[in-house]
Amino acid sequence: MLRDSAADFVRASTDHKRLRKLRGTSPGYDAALARQMGELGWFGILVPEQYSGLGLGFAAMAVVVQELGKGLLADPMVPIVVLAGQTLRRGGNEALKERQLSGLASGSLAPCVAWQEGLGGLDASAIETRADATGEGVRLVGRKRFVAGAGGATGFLVTAKSARGCGIYWVEKDAPGLKVSFEWRADGTPSGVVELDGVLVPPASVLTAPSAQGLLGLERAIEEAAVMASAEMLGVMEAGLQMTLEYMRNRVQFGKPIGSFQALQHKAVDLYVQQELARAVLGEAVQALDGGASGAESSMIASRCKSRCSDAGTRITREAIQLHGAIGFTDEYDVGLYLKRALVLSGWLGNASAHRRRFAALSAQHAEV
Amino acid sequence: MDFPTPTQDWNAMTDEEFRRRAADLFGTHVPRHLCHLNRRPRWAEVKDWYMTMSSHGWLVPGWPVEYGGMGLSPAKFLIYVEELERSGAPRVMDQGLMNLGPVLIARGSEAQRRKYLPRILSGEHLWCQGYSEPNAGSDLASLRTEAHLEGDEFVVNGQKIWTSVAFDATHMFALVRTDKTVKKQAGISFLMIDMNQPGVTVRPIRNIAGHEELCEVFLDNVRTPRDCLVGGLNEGWQVAKALLGFERIWSGSPRQSILALLRLERFAKLSGKMDDAGFVDRLTQIKMDVLDSASAYDRFAQIMRTGGSFGFEVSVLKIWATETCQRVTELMVEAAGEAGTLTGDVDLGGEAIDILYPFLECRAFTIYGGSSQVQRNILAKSVLNLPA
Ligand SMILES: Cc1cc2nc3c(=O)[nH]c(=O)nc-3n(C[C@H](O)[C@H](O)[C@H](O)COP(=O)(O)OP(=O)(O)OC[C@H]3O[C@@H](n4cnc5c(N)ncnc54)[C@H](O)[C@@H]3O)c2cc1C
């Protein structure tokens with residue numbers, strides 16, 4: 001049912017012309033559509049009922065995100081609903097959680113997580129941003145990068161370190177000392193650069209107090225978001241492959257549809273194999289997240305999932321260009337939009353290479369236990 | 001029009017001396033602001049550079065001296081190309097230099113050579129290549145743009161597409177259908193067309209990297225004099241294939257992969273990736289792919305240098321060079337992680353590198369000039385002798 005309503009939404013709302021117009025603008029997605037998604041209740045899918053959410057699981061979330069991915073419409077979902085929502089859920093500040101999560105579920109608030117710095121990477125604790133204690137709370141000093149969803153964010157969950165370890169702090173988007181600028185991703189959507197020049201955080205805005213375990217909740221949320229980004233990637237690759245098969249059926253060269261050439265048939269089949277591997281590992285990862293698999297187990301399947309989906313998504317959409325010939329190399333033709341979205345999703349929250357390394361490290365740890 | 005008189009017998013120089021001269025000339029004159037440009041420059045931007053090269057007699061290394069080229073031996077030609085690449089020189093309007101010139105030299109009349117070659121050298125005529133059509137890509141012979149004679153003129157009607165930089169061109173050389181009653185390849189002629197006339201409409205098409213380079217060209221009762229036919233009537237298919245020596249292996253040159261590899265290595269040093277054994281293994285693998293691409297190219301170059309000839313096996317070069325180049329850019333995107341998916345110059349700790357543009361640009365290398373699949377078909381059929 002959820003799949004049907006998401007598919008209906010995508011059918012009614014997919015508009016690649018609008019997407020092209022939104023490139024290079026902030027927030028990079030259509031605010032009216034995001035409002036509709038909110039009205040459909042999708043922002044509340046993962047939010048527990050006690051915070052006015054639907055309290056559904058990742059299986060439901062994955063279905064919606066995958067469908068939205070087919071129409072290149074998923075953009076505000078994963079950064080806000082999954083990454084920020086799940087980070088909030090695991091925070092220790094009940095009043096802040098209550099306010100932010102119910103706002104998120106209703107679509108009135110759009111929190112984002114600002115955790116990466118420098119050249120990025122998956123190690124959430126590899127940060128320089130400091131939280132310096134003052135009389136009224138702490139002051140944040142640092143520079144965050146690769147903040148997805150930053151364009152439409154109402155505020156940021158910022159990671160910072162102090163003598164006691166790393167903590168997570170809530171900062172409103174117009175807080176004095178906060179500056180948000182953008183770098184532009186392959187698909188023209190903004191990636192936030194968040195500069196904190198002594199931003200004051202009162203005790204009431206500390207989501208997670210600094211400690212050696214202060215980022216565990218975030219790390220878990222990153223994993224969950226990586227799996228949901230993979231679900232979006234599955235939608236992107238499915239649409240990219242469908243479009244390509246359709247073209248191969250219709251494009252005639254040498255008196256035949258090019259899809260009749262065995263060399264191209266085998267190419268298409270290889271892409272299909274990748275898509276089905278992605279679907280299988282995603283299914284297993286979603287089950288692990290919903291079924292309460294142990295930390296190590298779900299971490300490993302999450303990395304396997306993100307790695308496969310990143311590779312499959314970029315490979316399928318790259319080959320889609322080749323199979324289209326010159327028309328695939330144009331901006332006017334839609335298949336290129338799918339390649340660019342696939343690039344963005346493959347890089348975000350750790351690309352295939354980063355997750356292979358993570359998987360190897362986790363396997364080694366697992367073997368020791 | 002006269003041809004500029006040659007100033008020097010370049011081939012009499014030692015290779016070292018010639019290399020020094022080339023490096024000197026390019027180094028002095030290459031416009032710095034256009035070096036290693038991340039898009040194809042417009043004519044207005046590169047005109048001065050083109051004219052400088054032309055006035056020094058260094059514009060076309062491959063044409064014979066009597067037509068204003070440098071008449072370089074294959075060995076010297078290679079050095080020329082290496083040094084030009086090293087200098088980072090921008091790409092100029094090169095269809096006249098690389099394609100039409102050699103075709104006229106091989107198959108044109110003396111009158112055509114005297115009329116058109118000097119005007120290519122002087123930058124008065126800027127050419128584009130009008131081969132592909134909406135329904136004639138890999139299957140070029142099925143092209144439909146047609147021409148018929150009316151008195152002393154051909155009248156041309158049809159549509160060309162993917163015509164690179166047609167908006168800056170003054171002229172187009174085109175393949176057109178002049179006989180519909182015979183086998184497809186046997187009814188095609190090679191025509192030169194002045195673009196500056198009513199009936200020629202050029203529409204730019206934005207490419208995947210966001211730049212305008214490709215065009216659609218509509219030809220509606222466009223006229224061209226009978227003496228703009230190159231080769232005989234219905235001989236266009238053979239004429240179009242009459243490329244000279246190095247132009248045949250050019251599309252298999254390792255230059256693009258070498259440039260991409262240099263960028264990747266610079267990035268690896270800047271980002272500390274060289275401490276990562278897993279990455280170094282992959283980098284080394286791709287580096288060897290590039291070096292072997294260069295070796296394969298040199299092997300064919302050596303055959304040319306010594307006056308030998310080769311057949312369809314040359315397709316190996318283009319497949320490996322272009323696909324390797326793509327893999328280099330893919331590794332770069334992957335190695336850069338989050339930063340690898342940003343557009344434009346990305347700050348990688350002190351130096352800005354554009355990661356995405358080369359990745360997107362080289363998607364086209366395996367599509368034009370005979371796609372990777374078409375090259376494989378050629379090898380399977382004509383070299384491996386597999387049945388149809
Ligand atoms: C950047 C760029 C610049 C260009 N510049 C020019 C120019 O200046 N002038 C000009 O005339 N043209 C130009 N072209 C066009 C180019 O020559 C064509 O793109 C090329 O011939 C392929 O044709 P197509 O794009 O119609 O693809 P198609 O021929 O439709 O091919 C689509 C897909 O089918 C595959 N395929 C086709 N036939 C077979 C087969 N028999 N067996 C197996 N696979 C097959 C192809 O490899 C490709 O993957 C340019 C193209 C590009 C991308």
# chains A, B, ... in the order shown; residues from 1 in each chain; ligands from 1
>>> select_by_dssp(residues="region 186-369 of chain B", states="alpha helix (DSSP H)", output="PyMOL selection string")
chain B and resi 236-240+245-249+255-271+277-305+315-335+356-361
>>> residues_near_ligand(ligand="ligand 1", cutoff="7 Å", atoms="only C-alpha atoms and all ligand atoms", output="VMD selection string")
(chain A and resid 251 253 to 254 258 261 263 to 264 322 to 327 329) or (chain B and resid 128 to 132 134 to 140 161 to 164 214 364 367 to 374 377)
>>> write_last_selection(atoms="C-alpha atoms", output="PDB file, in the first residue's frame")
ATOM      1  CA  ARG A 251      16.604   2.653 -31.282  1.00  0.00           C
ATOM      2  CA  GLN A 253      20.679   0.975 -36.313  1.00  0.00           C
ATOM      3  CA  PHE A 254      21.722  -1.371 -39.118  1.00  0.00           C
ATOM      4  CA  ILE A 258      20.099  -2.144 -31.082  1.00  0.00           C
ATOM      5  CA  PHE A 261      22.613  -7.120 -30.835  1.00  0.00           C
ATOM      6  CA  ALA A 263      26.863  -7.767 -27.456  1.00  0.00           C
ATOM      7  CA  LEU A 264      24.415  -5.247 -26.026  1.00  0.00           C
ATOM      8  CA  GLN A 322      27.215   4.204 -23.292  1.00  0.00           C
ATOM      9  CA  LEU A 323      24.197   2.179 -24.409  1.00  0.00           C
ATOM     10  CA  HIS A 324      22.394   5.350 -25.425  1.00  0.00           C
ATOM     11  CA  GLY A 325      25.267   6.697 -27.510  1.00  0.00           C
ATOM     12  CA  ALA A 326      25.602  10.445 -28.049  1.00  0.00           C
ATOM     13  CA  ILE A 327      22.093  11.267 -26.863  1.00  0.00           C
ATOM     14  CA  PHE A 329      25.875  12.386 -23.334  1.00  0.00           C
TER      15      PHE A 329
ATOM     16  CA  CYS B 128      32.790  21.249 -38.703  1.00  0.00           C
ATOM     17  CA  GLN B 129      32.102  17.610 -39.489  1.00  0.00           C
ATOM     18  CA  GLY B 130      28.577  16.860 -40.660  1.00  0.00           C
ATOM     19  CA  TYR B 131      28.410  13.072 -40.713  1.00  0.00           C
ATOM     20  CA  SER B 132      26.031  11.846 -37.992  1.00  0.00           C
ATOM     21  CA  PRO B 134      19.474  11.378 -35.807  1.00  0.00           C
ATOM     22  CA  ASN B 135      19.044   7.944 -37.388  1.00  0.00           C
ATOM     23  CA  ALA B 136      22.583   7.452 -38.618  1.00  0.00           C
ATOM     24  CA  GLY B 137      25.086   7.085 -35.794  1.00  0.00           C
ATOM     25  CA  SER B 138      27.043   3.845 -35.696  1.00  0.00           C
ATOM     26  CA  ASP B 139      25.158   2.973 -38.846  1.00  0.00           C
ATOM     27  CA  LEU B 140      26.449   6.034 -40.651  1.00  0.00           C
ATOM     28  CA  ILE B 161      23.361  16.107 -35.343  1.00  0.00           C
ATOM     29  CA  TRP B 162      26.187  15.922 -32.779  1.00  0.00           C
ATOM     30  CA  THR B 163      28.102  18.312 -34.993  1.00  0.00           C
ATOM     31  CA  SER B 164      30.821  19.556 -32.652  1.00  0.00           C
ATOM     32  CA  LEU B 214      27.464  19.621 -29.696  1.00  0.00           C
ATOM     33  CA  ALA B 364      32.040  10.421 -24.848  1.00  0.00           C
ATOM     34  CA  ILE B 367      30.910   6.744 -28.134  1.00  0.00           C
ATOM     35  CA  TYR B 368      32.393   8.876 -30.909  1.00  0.00           C
ATOM     36  CA  GLY B 369      34.958   7.936 -33.506  1.00  0.00           C
ATOM     37  CA  GLY B 370      33.507   4.429 -33.702  1.00  0.00           C
ATOM     38  CA  SER B 371      32.039   3.311 -30.367  1.00  0.00           C
ATOM     39  CA  SER B 372      33.756   0.685 -28.239  1.00  0.00           C
ATOM     40  CA  GLN B 373      31.182  -1.824 -29.423  1.00  0.00           C
ATOM     41  CA  VAL B 374      31.684  -0.966 -33.075  1.00  0.00           C
ATOM     42  CA  ASN B 377      32.745  -5.738 -34.012  1.00  0.00           C
TER      43      ASN B 377
END
>>> closest_atom_pairs(of="chain A", to="chain B", cutoff="7 Å", atoms="only C-alpha atoms", output="Markdown table")
| residue | atom | partner | partner_atom | distance |
| --- | --- | --- | --- | --- |
| A:Leu119 | CA | B:Ala339 | CA | 6.4 |
| A:Gly120 | CA | B:Glu338 | CA | 6.0 |
| A:Glu183 | CA | B:Leu342 | CA | 6.9 |
| A:Trp184 | CA | B:Leu342 | CA | 5.6 |
| A:Arg185 | CA | B:Leu342 | CA | 4.2 |
| A:Ala186 | CA | B:Thr343 | CA | 5.4 |
| A:Gln253 | CA | B:Asp139 | CA | 5.5 |
| A:Phe254 | CA | B:Asp139 | CA | 5.5 |
| A:Gln322 | CA | B:Ile367 | CA | 6.6 |
| A:Gly325 | CA | B:Ile367 | CA | 5.7 |
| A:Ala326 | CA | B:Ile367 | CA | 6.5 |
| A:Phe329 | CA | B:Ile208 | CA | 5.2 |
| A:Thr330 | CA | B:Asn207 | CA | 4.0 |
| A:Asp331 | CA | B:Ile208 | CA | 4.5 |
| A:Glu332 | CA | B:Arg206 | CA | 6.9 |
| A:Gly336 | CA | B:Ile208 | CA | 6.4 |
| A:Leu343 | CA | B:Thr341 | CA | 6.1 |
| A:Val344 | CA | B:Thr341 | CA | 5.6 |
| A:Gly347 | CA | B:Glu338 | CA | 4.8 |
| A:Trp348 | CA | B:Glu338 | CA | 5.8 |
| A:Gly350 | CA | B:Gly337 | CA | 6.9 |
| A:Asn351 | CA | B:Gly337 | CA | 6.1 |
| A:Ser353 | CA | B:Glu334 | CA | 6.9 |
>>> atom_distance(atom1="CA of Ser211 (chain A)", atom2="CA of Gly103 (chain A)")
27.5 Å
>>> select_by_dssp(residues="region 61-240 of chain B", states="strand (DSSP E or B)", output="ChimeraX atom specification")
/B:127-130,133,136,146-150,153-161,171-177,188-194,200-207,212-225,229-230
>>> write_last_selection(atoms="C-alpha atoms", output="mmCIF file, in the first residue's frame")
data_model
loop_
_atom_site.group_PDB
_atom_site.id
_atom_site.type_symbol
_atom_site.label_atom_id
_atom_site.label_comp_id
_atom_site.auth_asym_id
_atom_site.auth_seq_id
_atom_site.Cartn_x
_atom_site.Cartn_y
_atom_site.Cartn_z
ATOM 1 C CA TRP B 127 35.184 23.561 -40.402
ATOM 2 C CA CYS B 128 32.790 21.249 -38.703
ATOM 3 C CA GLN B 129 32.102 17.610 -39.489
ATOM 4 C CA GLY B 130 28.577 16.860 -40.660
ATOM 5 C CA GLU B 133 22.275 12.191 -38.223
ATOM 6 C CA ALA B 136 22.583 7.452 -38.618
ATOM 7 C CA GLU B 146 20.211 14.381 -49.567
ATOM 8 C CA ALA B 147 21.676 16.477 -52.309
ATOM 9 C CA HIS B 148 20.749 16.788 -55.971
ATOM 10 C CA LEU B 149 22.242 18.814 -58.759
ATOM 11 C CA GLU B 150 20.417 21.865 -60.063
ATOM 12 C CA GLU B 153 24.848 23.656 -57.773
ATOM 13 C CA PHE B 154 23.980 20.947 -55.322
ATOM 14 C CA VAL B 155 20.838 21.582 -53.294
ATOM 15 C CA VAL B 156 21.057 19.961 -49.867
ATOM 16 C CA ASN B 157 18.198 19.050 -47.512
ATOM 17 C CA GLY B 158 18.291 17.228 -44.228
ATOM 18 C CA GLN B 159 19.519 17.275 -40.679
ATOM 19 C CA LYS B 160 22.869 16.630 -39.055
ATOM 20 C CA ILE B 161 23.361 16.107 -35.343
ATOM 21 C CA HIS B 171 31.901 25.655 -43.256
ATOM 22 C CA MET B 172 30.801 22.079 -42.960
ATOM 23 C CA PHE B 173 32.095 19.015 -44.760
ATOM 24 C CA ALA B 174 29.254 16.574 -44.972
ATOM 25 C CA LEU B 175 28.276 13.163 -46.181
ATOM 26 C CA VAL B 176 25.063 13.338 -48.170
ATOM 27 C CA ARG B 177 22.946 10.908 -50.116
ATOM 28 C CA ILE B 188 26.922 8.816 -50.651
ATOM 29 C CA SER B 189 28.929 11.891 -51.632
ATOM 30 C CA PHE B 190 31.340 14.147 -49.763
ATOM 31 C CA LEU B 191 30.373 17.808 -50.014
ATOM 32 C CA MET B 192 31.813 21.040 -48.677
ATOM 33 C CA ILE B 193 29.155 23.536 -47.638
ATOM 34 C CA ASP B 194 29.331 27.223 -46.750
ATOM 35 C CA VAL B 200 21.378 26.660 -42.403
ATOM 36 C CA THR B 201 20.138 26.591 -38.818
ATOM 37 C CA VAL B 202 22.401 25.657 -35.927
ATOM 38 C CA ARG B 203 21.023 24.691 -32.529
ATOM 39 C CA PRO B 204 23.506 24.048 -29.722
ATOM 40 C CA ILE B 205 22.905 21.047 -27.471
ATOM 41 C CA ARG B 206 24.132 21.181 -23.896
ATOM 42 C CA ASN B 207 26.272 18.187 -22.951
ATOM 43 C CA GLU B 212 27.606 23.701 -25.249
ATOM 44 C CA GLU B 213 29.750 21.898 -27.751
ATOM 45 C CA LEU B 214 27.464 19.621 -29.696
ATOM 46 C CA CYS B 215 24.954 21.006 -32.199
ATOM 47 C CA GLU B 216 22.083 20.098 -34.401
ATOM 48 C CA VAL B 217 22.343 21.519 -37.899
ATOM 49 C CA PHE B 218 19.309 21.816 -40.124
ATOM 50 C CA LEU B 219 19.907 22.132 -43.862
ATOM 51 C CA ASP B 220 16.960 23.488 -45.765
ATOM 52 C CA ASN B 221 17.517 24.008 -49.500
ATOM 53 C CA VAL B 222 21.131 24.835 -48.851
ATOM 54 C CA ARG B 223 23.245 25.403 -51.924
ATOM 55 C CA THR B 224 26.809 24.519 -52.708
ATOM 56 C CA PRO B 225 28.672 24.748 -56.045
ATOM 57 C CA LEU B 229 32.237 17.827 -54.335
ATOM 58 C CA VAL B 230 35.349 15.993 -53.103
#
>>> atom_distance(atom1="CA of Arg90 (chain A)", atom2="CA of Gly53 (chain A)")
15.2 Å
>>> closest_residue(among="B:Ala301, B:Met53, B:Val165, B:Met70", to="Pro41 (chain B)", atoms="only C-alpha atoms")
B:Val165
>>> atom_distance(atom1="CA of Ala260 (chain B)", atom2="CA of Ser310 (chain A)")
22.5 Å
>>> residues_around(residues="region 213-223 of chain A", least_positions_apart="6", cutoff="9 Å", atoms="only C-alpha atoms", output="CSV table (one decimal) with all heavy atoms, in the first residue's frame")
chain,number,residue,atom,x,y,z
A,82,VAL,N,16.0,10.1,8.2
A,82,VAL,CA,16.8,9.0,8.6
A,82,VAL,C,18.0,9.4,9.5
A,82,VAL,O,18.1,9.1,10.7
A,82,VAL,CB,17.3,8.0,7.5
A,82,VAL,CG1,17.9,6.8,8.1
A,82,VAL,CG2,16.1,7.7,6.6
A,83,LEU,N,18.9,10.2,8.8
A,83,LEU,CA,20.1,10.5,9.5
A,83,LEU,C,19.9,11.4,10.8
A,83,LEU,O,20.3,11.1,11.9
A,83,LEU,CB,21.1,11.2,8.6
A,83,LEU,CG,22.5,11.5,9.1
A,83,LEU,CD1,23.1,10.2,9.7
A,83,LEU,CD2,23.4,12.2,8.1
A,84,ALA,N,19.1,12.5,10.6
A,84,ALA,CA,18.9,13.4,11.7
A,84,ALA,C,17.9,12.8,12.7
A,84,ALA,O,18.1,12.8,13.9
A,84,ALA,CB,18.4,14.7,11.2
A,85,GLY,N,16.8,12.2,12.1
A,85,GLY,CA,15.8,11.6,13.0
A,85,GLY,C,16.3,10.5,13.9
A,85,GLY,O,16.1,10.5,15.1
A,86,GLN,N,17.1,9.6,13.3
A,86,GLN,CA,17.6,8.5,14.1
A,86,GLN,C,18.7,9.0,15.1
A,86,GLN,O,18.9,8.3,16.1
A,86,GLN,CB,18.2,7.4,13.2
A,86,GLN,CG,17.1,6.7,12.3
A,86,GLN,CD,16.0,6.0,13.2
A,86,GLN,OE1,15.0,6.6,13.4
A,86,GLN,NE2,16.4,4.8,13.7
A,87,THR,N,19.4,10.0,14.7
A,87,THR,CA,20.4,10.6,15.6
A,87,THR,C,19.7,11.2,16.8
A,87,THR,O,20.1,11.0,18.0
A,87,THR,CB,21.3,11.7,14.9
A,87,THR,OG1,21.9,11.1,13.8
A,87,THR,CG2,22.3,12.2,15.9
A,88,LEU,N,18.6,11.9,16.5
A,88,LEU,CA,17.8,12.5,17.6
A,88,LEU,C,17.3,11.5,18.6
A,88,LEU,O,17.3,11.6,19.8
A,88,LEU,CB,16.7,13.4,17.0
A,88,LEU,CG,17.0,14.8,16.5
A,88,LEU,CD1,15.9,15.3,15.6
A,88,LEU,CD2,17.2,15.7,17.7
A,89,ARG,N,16.7,10.5,18.0
A,89,ARG,CA,16.1,9.4,18.8
A,89,ARG,C,17.0,8.8,19.8
A,89,ARG,O,16.5,8.4,20.9
A,89,ARG,CB,15.7,8.2,17.8
A,89,ARG,CG,14.3,8.2,17.5
A,89,ARG,CD,14.1,7.0,16.6
A,89,ARG,NE,13.8,5.8,17.4
A,89,ARG,CZ,13.3,4.7,16.9
A,89,ARG,NH1,13.1,4.6,15.6
A,89,ARG,NH2,13.1,3.6,17.7
A,90,ARG,N,18.3,8.8,19.5
A,90,ARG,CA,19.2,8.2,20.4
A,90,ARG,C,19.9,9.2,21.4
A,90,ARG,O,20.8,8.8,22.1
A,90,ARG,CB,20.3,7.4,19.6
A,90,ARG,CG,19.7,6.3,18.8
A,90,ARG,CD,20.7,5.3,18.3
A,90,ARG,NE,20.1,4.2,17.7
A,90,ARG,CZ,19.8,4.1,16.4
A,90,ARG,NH1,20.0,5.2,15.6
A,90,ARG,NH2,19.2,3.0,15.9
A,91,GLY,N,19.4,10.4,21.3
A,91,GLY,CA,19.9,11.5,22.1
A,91,GLY,C,19.4,11.3,23.6
A,91,GLY,O,18.5,10.6,23.8
A,113,VAL,N,22.2,16.7,10.1
A,113,VAL,CA,23.4,16.4,10.9
A,113,VAL,C,24.7,17.0,10.2
A,113,VAL,O,24.9,16.7,9.1
A,113,VAL,CB,23.6,14.9,11.1
A,113,VAL,CG1,24.7,14.6,12.1
A,113,VAL,CG2,22.3,14.3,11.6
A,115,TRP,N,28.4,16.5,10.6
A,115,TRP,CA,29.3,15.6,11.3
A,115,TRP,C,30.7,15.5,10.6
A,115,TRP,O,31.7,15.3,11.3
A,115,TRP,CB,28.8,14.2,11.6
A,115,TRP,CG,28.4,13.4,10.4
A,115,TRP,CD1,27.3,13.6,9.6
A,115,TRP,CD2,29.1,12.3,9.8
A,115,TRP,NE1,27.2,12.7,8.5
A,115,TRP,CE2,28.3,11.9,8.7
A,115,TRP,CE3,30.2,11.6,10.1
A,115,TRP,CZ2,28.7,10.8,7.9
A,115,TRP,CZ3,30.6,10.5,9.3
A,115,TRP,CH2,29.8,10.1,8.2
A,122,LEU,N,34.4,8.0,7.0
A,122,LEU,CA,33.4,7.4,7.8
A,122,LEU,C,33.6,7.5,9.3
A,122,LEU,O,32.8,7.1,10.1
A,122,LEU,CB,33.2,5.9,7.4
A,122,LEU,CG,32.3,5.7,6.2
A,122,LEU,CD1,32.3,4.2,5.9
A,122,LEU,CD2,30.9,6.1,6.6
A,123,ASP,N,34.8,7.9,9.7
A,123,ASP,CA,35.1,7.9,11.1
A,123,ASP,C,34.6,9.2,11.7
A,123,ASP,O,35.1,10.3,11.6
A,123,ASP,CB,36.7,7.9,11.3
A,123,ASP,CG,37.1,7.9,12.7
A,123,ASP,OD1,36.2,8.0,13.6
A,123,ASP,OD2,38.3,7.8,13.0
A,124,ALA,N,33.4,9.0,12.5
A,124,ALA,CA,32.7,10.2,13.0
A,124,ALA,C,33.5,10.9,14.1
A,124,ALA,O,33.3,12.1,14.3
A,124,ALA,CB,31.4,9.8,13.5
A,125,SER,N,34.5,10.2,14.7
A,125,SER,CA,35.2,10.9,15.8
A,125,SER,C,36.4,11.6,15.2
A,125,SER,O,37.1,12.3,16.0
A,125,SER,CB,35.6,9.9,16.8
A,125,SER,OG,36.3,8.9,16.3
A,159,THR,N,28.5,17.8,15.7
A,159,THR,CA,29.4,17.0,16.5
A,159,THR,C,30.6,17.8,16.8
A,159,THR,O,31.1,18.6,16.0
A,159,THR,CB,29.9,15.7,15.8
A,159,THR,OG1,30.5,16.0,14.6
A,159,THR,CG2,28.7,14.8,15.6
A,165,GLY,N,35.4,14.0,25.6
A,165,GLY,CA,35.1,13.2,24.4
A,165,GLY,C,34.2,14.0,23.5
A,165,GLY,O,34.1,15.2,23.5
A,166,CYS,N,33.5,13.2,22.6
A,166,CYS,CA,32.7,13.9,21.6
A,166,CYS,C,31.2,14.0,22.0
A,166,CYS,O,30.7,13.1,22.7
A,166,CYS,CB,32.7,13.2,20.3
A,166,CYS,SG,34.3,13.2,19.5
A,167,GLY,N,30.5,15.1,21.7
A,167,GLY,CA,29.1,15.3,22.0
A,167,GLY,C,28.4,15.8,20.8
A,167,GLY,O,29.0,16.1,19.7
A,168,ILE,N,27.1,15.9,20.9
A,168,ILE,CA,26.2,16.3,19.8
A,168,ILE,C,25.4,17.5,20.3
A,168,ILE,O,24.7,17.4,21.3
A,168,ILE,CB,25.3,15.2,19.3
A,168,ILE,CG1,26.2,14.0,18.9
A,168,ILE,CG2,24.5,15.7,18.1
A,168,ILE,CD1,25.3,12.8,18.4
A,295,GLY,N,25.0,-5.4,17.0
A,295,GLY,CA,25.7,-4.3,16.4
A,295,GLY,C,26.6,-4.7,15.3
A,295,GLY,O,26.5,-4.1,14.2
A,298,SER,N,24.8,-6.1,12.1
A,298,SER,CA,24.1,-5.1,11.3
A,298,SER,C,25.1,-4.1,10.6
A,298,SER,O,24.9,-3.6,9.5
A,298,SER,CB,23.0,-4.4,12.0
A,298,SER,OG,23.5,-3.4,12.8
A,299,SER,N,26.2,-3.8,11.3
A,299,SER,CA,27.2,-3.0,10.7
A,299,SER,C,27.8,-3.6,9.5
A,299,SER,O,28.0,-2.9,8.5
A,299,SER,CB,28.3,-2.7,11.7
A,299,SER,OG,27.9,-2.0,12.8
A,302,ALA,N,25.3,-3.6,6.7
A,302,ALA,CA,25.1,-2.3,6.2
A,302,ALA,C,26.2,-1.9,5.2
A,302,ALA,O,26.0,-1.3,4.2
A,302,ALA,CB,25.0,-1.3,7.3
A,303,SER,N,27.4,-2.2,5.6
A,303,SER,CA,28.6,-1.9,4.7
A,303,SER,C,28.6,-2.7,3.4
A,303,SER,O,28.9,-2.2,2.4
A,303,SER,CB,29.9,-2.1,5.4
A,303,SER,OG,30.2,-1.0,6.3
A,349,LEU,N,27.9,9.3,2.7
A,349,LEU,CA,27.9,8.3,3.7
A,349,LEU,C,28.8,7.2,3.5
A,349,LEU,O,28.5,6.0,3.9
A,349,LEU,CB,26.4,7.8,4.0
A,349,LEU,CG,25.4,8.9,4.4
A,349,LEU,CD1,24.0,8.3,4.4
A,349,LEU,CD2,25.8,9.5,5.7
